[in-house]
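Just final21.cif here, mmCIF, C-alpha atoms:
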data_coords
#
loop_
_atom_site.label_atom_id
_atom_site.label_comp_id
_atom_site.auth_asym_id
_atom_site.auth_seq_id
_atom_site.Cartn_x
_atom_site.Cartn_y
_atom_site.Cartn_z
CA MET A 1 60.22 90.16 165.12
CA ARG A 2 60.93 93.85 165.55
CA ALA A 3 63.97 93.45 163.36
CA TYR A 4 61.82 91.93 160.58
CA ALA A 5 59.23 94.70 160.94
CA GLY A 6 62.02 97.26 160.73
CA THR A 7 63.46 95.62 157.63
CA PHE A 8 60.00 95.56 156.06
CA ALA A 9 59.45 99.24 156.86
CA VAL A 10 62.85 100.20 155.44
CA SER A 11 62.15 98.16 152.33
CA CYS A 12 58.75 99.83 151.87
CA SER A 13 60.38 103.21 152.30
CA ARG A 14 62.98 102.33 149.69
CA GLU A 15 60.25 101.17 147.31
CA GLN A 16 58.38 104.43 147.76
CA SER A 17 61.47 106.51 147.12
CA LYS A 18 62.32 104.32 144.12
CA GLY A 19 58.81 104.80 142.74
CA ALA A 20 59.07 108.55 143.29
CA ARG A 21 62.43 108.59 141.52
CA THR A 22 60.98 106.67 138.58
CA LEU A 23 58.11 109.14 138.31
CA GLN A 24 60.54 112.04 138.47
CA ARG A 25 62.70 110.36 135.82
CA GLU A 26 59.67 109.90 133.58
CA HIS A 27 58.81 113.57 134.02
CA GLN A 28 62.38 114.60 133.15
CA LEU A 29 62.43 112.32 130.14
CA ASN A 30 59.11 113.73 128.97
CA GLN A 31 60.52 117.25 129.20
CA PHE A 32 63.65 116.25 127.36
CA LEU A 33 61.78 114.54 124.53
CA ALA A 34 59.26 117.39 124.26
CA GLY A 35 62.17 119.80 123.91
CA VAL A 36 64.04 117.80 121.30
CA GLU A 37 61.32 116.15 119.19
CA ARG A 38 60.63 118.99 116.74
CA ARG A 39 64.26 119.59 115.94
CA ALA A 40 64.85 115.86 115.72
CA LEU A 41 62.01 115.57 113.22
CA ARG A 42 63.45 118.27 110.96
CA PHE A 43 66.89 116.73 111.43
CA ALA A 44 65.63 113.33 110.26
CA GLU A 45 63.50 114.92 107.55
CA ILE A 46 66.50 116.64 105.98
CA ALA A 47 68.40 113.36 106.08
CA VAL A 48 65.71 111.12 104.58
CA ARG A 49 63.65 113.72 102.64
CA ASP A 50 60.34 112.25 103.78
CA ARG A 51 58.25 113.48 106.71
CA ASP A 52 56.41 110.23 107.45
CA GLU A 53 59.64 108.26 107.44
CA ALA A 54 61.20 110.94 109.63
CA LEU A 55 58.32 110.73 112.12
CA ASP A 56 58.77 106.96 112.35
CA LEU A 57 62.51 107.34 112.86
CA VAL A 58 62.06 109.93 115.62
CA GLN A 59 59.45 107.81 117.38
CA ASP A 60 61.73 104.76 117.23
CA ALA A 61 64.59 106.81 118.65
CA MET A 62 62.41 108.09 121.49
CA ILE A 63 61.24 104.57 122.35
CA LYS A 64 64.78 103.17 122.29
CA LEU A 65 66.06 105.99 124.48
CA ALA A 66 63.23 105.45 127.00
CA ARG A 67 63.68 101.69 126.97
CA ASN A 68 67.45 101.54 127.28
CA TYR A 69 68.75 104.82 128.64
CA ALA A 70 66.03 106.30 130.87
CA ASP A 71 68.29 105.92 133.90
CA ARG A 72 71.17 107.86 132.34
CA SER A 73 71.91 111.44 133.36
CA ASP A 74 70.19 114.31 131.57
CA GLU A 75 73.46 115.45 130.03
CA GLU A 76 73.93 112.10 128.33
CA TRP A 77 70.48 112.01 126.76
CA THR A 78 71.10 114.49 123.93
CA PRO A 79 74.13 112.74 122.36
CA LEU A 80 72.60 109.32 123.05
CA PHE A 81 69.32 110.32 121.45
CA TYR A 82 70.99 111.65 118.34
CA ARG A 83 73.21 108.60 118.14
CA ILE A 84 70.14 106.38 118.13
CA LEU A 85 68.50 108.63 115.56
CA GLN A 86 71.63 108.63 113.40
CA ASN A 87 71.77 104.84 113.50
CA GLY A 88 68.13 104.73 112.46
CA ILE A 89 68.80 107.12 109.57
CA ARG A 90 71.79 105.05 108.41
CA ASP A 91 69.74 101.87 108.53
CA TRP A 92 67.01 103.64 106.58
CA HIS A 93 69.50 104.67 103.88
CA ARG A 94 70.84 101.11 103.67
CA ARG A 95 67.33 99.76 103.24
CA GLN A 96 66.65 102.38 100.59
CA MET A 97 69.79 101.41 98.68
CA VAL A 98 68.75 97.77 98.67
CA ARG A 99 65.22 98.75 97.68
CA ASN A 100 66.48 100.95 94.86
CA ARG A 101 68.69 98.15 93.54
CA VAL A 102 65.72 95.81 93.52
CA MET A 103 63.58 98.44 91.81
CA VAL A 104 66.24 99.01 89.17
CA TRP A 105 66.43 95.27 88.62
CA PHE A 106 62.66 95.25 88.06
CA GLY A 107 62.97 98.24 85.75
CA ARG A 108 61.46 100.82 88.11
CA SER A 109 63.03 103.79 89.73
CA SER A 110 62.27 104.97 93.26
CA ALA A 111 64.47 108.02 93.30
CA PRO A 112 63.40 110.65 95.82
CA ASP A 113 61.17 113.43 94.60
CA ASP A 114 63.30 116.50 94.04
CA ASP A 115 60.25 118.71 94.33
CA TYR A 116 59.73 117.65 97.91
CA ASP A 117 59.21 120.66 100.19
CA PRO A 118 57.91 119.77 103.66
CA VAL A 119 57.63 123.36 104.79
CA ALA A 120 55.84 124.67 101.74
CA GLN A 121 52.30 123.89 102.90
CA ALA A 122 52.75 124.99 106.49
CA PRO A 123 51.19 128.29 107.59
CA ASP A 124 53.64 130.87 108.88
CA PRO A 125 53.30 131.32 112.66
CA MET A 126 55.71 134.27 112.69
CA GLY A 127 53.40 136.60 110.81
CA ARG A 128 55.72 137.31 107.90
CA THR A 129 54.60 138.53 104.54
CA PRO A 130 54.17 135.94 101.78
CA ASP A 131 57.28 137.26 100.03
CA GLU A 132 59.37 136.84 103.17
CA GLN A 133 57.98 133.37 103.68
CA ILE A 134 58.79 132.39 100.12
CA GLU A 135 62.29 133.78 100.43
CA SER A 136 62.90 131.93 103.69
CA ARG A 137 61.50 128.68 102.32
CA GLN A 138 63.57 128.91 99.19
CA ALA A 139 66.68 129.51 101.26
CA MET A 140 65.87 126.56 103.50
CA GLN A 141 65.07 124.40 100.50
CA THR A 142 68.43 125.29 98.98
CA LEU A 143 70.19 124.58 102.26
CA GLU A 144 68.37 121.26 102.72
CA HIS A 145 69.25 120.20 99.22
CA ALA A 146 72.89 121.13 99.71
CA VAL A 147 73.06 119.40 103.09
CA SER A 148 71.39 116.27 101.76
CA GLU A 149 73.96 116.15 98.96
CA LEU A 150 76.82 115.94 101.46
CA PRO A 151 78.42 112.58 102.24
CA ALA A 152 76.63 110.96 105.18
CA ARG A 153 79.30 111.55 107.81
CA GLN A 154 79.81 115.17 106.78
CA ARG A 155 76.06 115.73 106.84
CA GLU A 156 75.81 114.22 110.32
CA ALA A 157 78.67 116.32 111.66
CA PHE A 158 77.30 119.52 110.15
CA MET A 159 73.72 119.00 111.35
CA LEU A 160 74.70 117.94 114.85
CA ARG A 161 77.14 120.80 115.30
CA THR A 162 75.17 123.54 113.53
CA PHE A 163 71.49 122.66 113.88
CA GLU A 164 71.59 120.92 117.25
CA GLY A 165 74.40 122.94 118.74
CA LEU A 166 76.25 119.90 120.10
CA ASP A 167 79.88 120.45 121.02
CA VAL A 168 82.65 118.35 119.47
CA ALA A 169 82.56 115.76 122.27
CA GLY A 170 78.77 115.41 122.11
CA THR A 171 78.87 115.15 118.33
CA ALA A 172 81.57 112.46 118.59
CA THR A 173 79.34 110.49 120.98
CA ALA A 174 76.33 110.92 118.72
CA MET A 175 78.28 109.86 115.64
CA GLY A 176 80.21 107.10 117.38
CA CYS A 177 83.61 108.37 116.26
CA SER A 178 86.57 110.35 117.58
CA GLU A 179 86.56 114.09 118.14
CA GLY A 180 89.25 114.45 115.48
CA SER A 181 86.98 112.78 112.93
CA VAL A 182 84.17 115.15 113.88
CA LYS A 183 86.39 118.16 113.25
CA THR A 184 87.50 116.78 109.90
CA HIS A 185 83.97 115.91 108.75
CA TYR A 186 82.60 119.26 109.91
CA SER A 187 85.34 121.24 108.23
CA ARG A 188 84.85 119.41 104.94
CA ALA A 189 81.07 119.85 105.20
CA VAL A 190 81.34 123.60 105.73
CA HIS A 191 83.80 123.89 102.86
CA ALA A 192 81.46 121.96 100.55
CA LEU A 193 78.44 123.98 101.63
CA ARG A 194 80.23 127.27 101.11
CA GLU A 195 81.04 126.16 97.60
CA ALA A 196 77.49 124.98 96.95
CA LEU A 197 75.65 127.88 98.56
CA GLY A 198 78.05 130.64 97.67
CA GLU A 199 76.01 131.67 94.69
CA HIS A 200 72.80 131.84 96.69
CA TRP A 201 73.91 133.17 100.03
CA GLN A 202 75.91 136.18 100.95
CA MET B 1 81.23 138.85 92.08
CA LYS B 2 79.73 137.38 95.27
CA LYS B 3 82.18 135.91 97.73
CA PRO B 4 81.34 132.68 99.57
CA MET B 5 80.27 133.19 103.18
CA ASP B 6 82.74 132.58 105.92
CA GLU B 7 82.27 129.56 108.15
CA LYS B 8 80.72 131.39 111.07
CA ASP B 9 78.17 133.30 108.99
CA LEU B 10 77.18 130.17 107.16
CA ALA B 11 76.59 128.32 110.44
CA VAL B 12 74.57 131.21 111.89
CA GLN B 13 72.39 131.59 108.83
CA ALA B 14 71.89 127.83 108.46
CA LYS B 15 70.85 127.53 112.10
CA ALA B 16 68.43 130.44 111.76
CA LEU B 17 66.78 128.83 108.76
CA PHE B 18 66.63 125.48 110.52
CA ASP B 19 65.07 127.03 113.64
CA ASP B 20 62.58 128.82 111.45
CA SER B 21 61.56 125.58 109.74
CA VAL B 22 61.15 123.93 113.16
CA GLU B 23 58.78 126.69 114.23
CA GLN B 24 56.68 126.19 111.11
CA LEU B 25 55.79 122.58 111.80
CA ASP B 26 52.04 122.08 111.45
CA ALA B 27 49.65 120.94 114.18
CA ALA B 28 49.11 117.47 112.69
CA THR B 29 52.84 116.79 112.74
CA LEU B 30 53.17 118.09 116.30
CA SER B 31 50.30 115.83 117.33
CA ARG B 32 52.04 112.79 115.85
CA LEU B 33 55.24 113.74 117.66
CA ASN B 34 53.28 114.02 120.88
CA GLN B 35 51.79 110.58 120.36
CA GLY B 36 55.22 109.13 119.67
CA ARG B 37 56.59 110.69 122.85
CA HIS B 38 53.82 109.25 124.99
CA LYS B 39 54.36 105.86 123.42
CA ALA B 40 58.03 106.10 124.39
CA LEU B 41 57.15 107.10 127.97
CA GLN B 42 54.99 104.00 128.26
CA GLU B 43 58.23 102.06 128.03
CA VAL B 44 59.41 103.73 131.23
CA ARG B 45 56.10 102.99 132.94
CA ALA B 46 56.27 99.36 131.81
CA ALA B 47 59.72 99.05 133.35
CA ARG B 48 58.48 100.43 136.69
CA PRO B 49 57.73 97.85 139.46
CA ALA B 50 54.00 96.98 139.76
CA GLY B 51 53.85 98.33 143.30
CA GLN B 52 55.63 98.37 146.59
CA TRP B 53 53.72 95.31 147.82
CA ALA B 54 54.43 93.26 144.72
CA ARG B 55 57.92 92.56 145.96
CA TRP B 56 56.56 90.94 149.12
CA VAL B 57 54.26 88.49 147.35
CA PRO B 58 56.89 85.71 147.07
CA ALA B 59 58.06 86.32 150.63
CA GLY B 60 54.47 86.22 151.86
CA GLY B 61 53.86 82.96 150.02
CA LEU B 62 56.94 81.44 151.59
CA ALA B 63 55.88 82.65 155.04
CA ALA B 64 52.39 81.17 154.61
CA ALA B 65 53.90 77.86 153.48
CA ALA B 66 56.19 77.89 156.51
CA VAL B 67 53.22 78.50 158.85
CA VAL B 68 51.28 75.61 157.28
CA ALA B 69 54.33 73.37 157.58
CA VAL B 70 54.73 74.24 161.29
CA VAL B 71 51.02 73.60 161.98
CA VAL B 72 51.12 70.21 160.24
CA TRP B 73 54.32 69.25 162.03
CA GLN B 74 52.86 70.21 165.42
CA GLY B 75 49.72 68.16 164.73
CA ALA B 76 51.81 65.17 163.84
CA ALA B 77 53.86 65.62 167.00
CA VAL B 78 50.70 65.64 169.14
CA GLU B 79 49.46 62.44 167.50
CA HIS B 80 52.79 60.75 168.15
CA SER B 81 52.98 61.96 171.75
CA ALA B 82 49.68 60.16 172.79
CA PRO B 83 50.96 56.63 172.16
CA ALA B 84 54.20 57.68 173.79
CA ALA B 85 52.39 57.93 177.16
CA GLY B 86 51.10 54.37 176.73
CA SER B 87 54.52 53.14 175.78
CA ALA B 88 55.93 54.49 179.00
CA ALA B 89 53.44 52.37 180.99
CA ASP B 90 54.36 49.29 178.95
CA PHE B 91 58.02 49.87 179.69
CA GLU B 92 57.21 50.12 183.38
CA ILE B 93 55.50 46.73 183.33
CA MET B 94 58.20 45.14 181.26
CA LEU B 95 60.97 46.42 183.45
CA SER B 96 59.43 45.11 186.67
CA GLU B 97 61.11 41.89 187.99
CA GLU B 98 57.85 39.98 188.19
CA SER B 99 57.16 40.46 184.56
CA LEU B 100 60.63 39.30 183.67
CA ASP B 101 60.11 36.15 185.73
CA MET B 102 56.85 35.57 183.94
CA LEU B 103 58.59 35.92 180.60
CA GLU B 104 61.17 33.30 181.59
CA ASP B 105 58.35 30.78 182.41
CA LEU B 106 56.19 31.65 179.46
CA GLU B 107 55.79 28.00 178.40
CA PHE B 108 54.71 27.01 181.92
CA TYR B 109 52.01 29.67 182.04
CA SER B 110 50.84 28.64 178.62
CA TRP B 111 50.49 25.01 179.79
CA ILE B 112 48.55 26.10 182.90
CA ASP B 113 46.24 28.13 180.74
CA THR B 114 45.60 25.11 178.48
CA ALA B 115 45.11 22.82 181.49
CA ASN B 116 42.60 25.19 183.04
CA LEU B 117 40.62 25.25 179.85
CA ASP B 118 40.56 21.45 179.71
CA SER B 119 39.43 21.15 183.32
CA ASP B 120 36.73 23.72 182.75
CA SER B 121 35.41 21.71 179.82
CA ASP B 122 35.48 18.49 181.92
CA VAL B 123 33.48 20.13 184.66
CA GLY B 124 31.02 21.59 182.17
#
Transcribe the structure of this file into structure tokens.
Amino acid sequence: MRAYAGTFAVSCSREQSKGARTLQREHQLNQFLAGVERRALRFAEIAVRDRDEALDLVQDAMIKLARNYADRSDEEWTPLFYRILQNGIRDWHRRQMVRNRVMVWFGRSSAPDDDYDPVAQAPDPMGRTPDEQIESRQAMQTLEHAVSELPARQREAFMLRTFEGLDVAGTATAMGCSEGSVKTHYSRAVHALREALGEHWQ
Amino acid sequence: MKKPMDEKDLAVQAKALFDDSVEQLDAATLSRLNQGRHKALQEVRAARPAGQWARWVPAGGLAAAAVVAVVVWQGAAVEHSAPAAGSAADFEIMLSEESLDMLEDLEFYSWIDTANLDSDSDVG
């Protein structure tokens, strides 16, 4: 009987520690997502050129990460999260292509609005003068346009490496390809951007 | 003529612009991000066990069923043990030599019994 009571007590203790671990994990995941969500939104926004769509994509990525990878180590979360987000963005582009084909067939066009500027209406929290804000926004708009014009894999490599600061290995995990491919895509992206932005940036 | 930026400068300037645009996100957008994050965290909570006692519910049910089974079995055993005492007495009678003799002359005793009844009726 004592043996059973002991087993029960040990099991209860394990349950308590497991519950505490889960709570701690939830707290860590919350911190991770809170730290990454804004950048992820801008990341997705540049890729799909629509804030609402980007918000949906980021939320889906957060849910999938929490559902499937909450027990992974903190170091794995960043590349995993961006891989999920990338997959969502690719699926979104596929759906858009199909939608555009259907629209063309029906004689309508659903091309993205080139005048789209998600930052234009936002107040400046950094206290810059209107001229500085305009200059910064124009530069970002030019950069976004140039980045969005890149082939998908080059765009992914450039944004993950430059905007998110992932190393080559992390970028390879996020993109689901080899490190050599990451280097190639990144190099081509930078070359293309230098050509495209050379007139505007110095 | 302007020269294109080198790779490092381009990356630095692009990152600075990106960071700047992240900082300029409006409150409504941040609120929606917050809601999305909490929705995601609900997935973790949903995956968490209901409680430390929940795991013992099936074991407790089995234990209760076992206790009921033991009680029922014991009751049945008591009921069966009462006739067993009577059976022992019957065996004692049957194993005695007199009883065996009686069994051998069963027809004789039956005739006597019938004869006694007849004589009783004659007397009456």
Check your understanding: Distance atom CA of A:Met175-atom CA of B:Glu23, one decimal place?
Key -> 25.8 Å
Check your understanding: Please, what distance in Å, to one decimal, runs between atom CA of A:Lys183 and atom CA of A:Val168?
Key -> 7.3 Å
Practice item. Using atom CA of A:Phe43 and atom CA of B:Gln42 as the two end points, give the distance in Å to one decimal. Key: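 The value is 24.2 Å.
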Review point. Out of B:Gly75, B:Leu41, B:Ala63, B:Lys8, which residue has the shortest atom-to-atom distance to chain A when counting only C-alpha atoms?
Key: B:Leu41
Check your understanding: Between B:Tyr109, B:Ala16, B:Gly60, B:Gln74, which has the minimum distance to chain A (counting only C-alpha atoms)?
Key -> B:Ala16
Check your understanding: Which is closest to chain B among A:Asp167, A:Asp91, A:Glu53, A:Glu195, if we use all atoms listed in the file?
Key ->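 Closest candidate: A:Glu195.
Using all atoms listed in the file, the smallest distance between any of A:Gln28, A:Gln86, A:Thr184, A:Thr142 and A:Arg72 comes from A:Gln28.
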Review point. Pick from A:Ser73, A:Gln24, A:Asn87, A:Thr162: nearest to chain B, with all atoms listed in the file counted?
Key: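 Of A:Ser73, A:Gln24, A:Asn87, A:Thr162, the one nearest chain B, counting all atoms listed in the file, is A:Thr162.
Residues selected in this file by the PyMOL selection byres ((chain B and resi 38) around 10) comprise Asn30, Leu33, Ala34, Gln59, Met62 and Ile63 of chain A; Arg32, Leu33, Asn34, Gln35, Gly36, Arg37, Lys39, Ala40, Leu41, Gln42 and Glu43 of chain B.
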**Study point:** Long-range neighbours of B:Glu7 as a VMD selection string, 9 Å cut-off, all atoms listed in the file, 4 positions minimum in chain
**Key:** (chain A and resid 187 190 to 191 194) or (chain B and resid 11 to 12)
Review point. Which residues, written as a PyMOL selection string, have at least one atom at most 8 Å from A:Ile89, with only C-alpha atoms counted and residues fewer than 6 positions away on the same chain left out?
Key: chain A and resi 44+47-48+57
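You can rank A:Gln96, A:Thr78, A:Gln138, A:Thr171 by their closest distance to chain B using only C-alpha atoms, and at the top of that list sits A:Gln138.
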Within 12 Å of (75.5, 113.8, 98.8) (coordinates as in the file), grab all the protein and nucleic acid residues, counting all atoms listed in the file, and write them out as a compact mmCIF listing (two decimals) with C-alpha atoms, in the frame of the given file.
# COMPACT_ATOMS: atom_id res chain seq x y z
CA ILE A 46 66.50 116.64 105.98
CA ALA A 47 68.40 113.36 106.08
CA VAL A 48 65.71 111.12 104.58
CA GLU A 144 68.37 121.26 102.72
CA HIS A 145 69.25 120.20 99.22
CA ALA A 146 72.89 121.13 99.71
CA VAL A 147 73.06 119.40 103.09
CA SER A 148 71.39 116.27 101.76
CA GLU A 149 73.96 116.15 98.96
CA LEU A 150 76.82 115.94 101.46
CA PRO A 151 78.42 112.58 102.24
CA ALA A 152 76.63 110.96 105.18
CA ARG A 153 79.30 111.55 107.81
CA GLN A 154 79.81 115.17 106.78
CA ARG A 155 76.06 115.73 106.84
CA GLU A 156 75.81 114.22 110.32
CA ALA A 189 81.07 119.85 105.20
CA ALA A 192 81.46 121.96 100.55
CA LEU A 193 78.44 123.98 101.63
CA ALA A 196 77.49 124.98 96.95
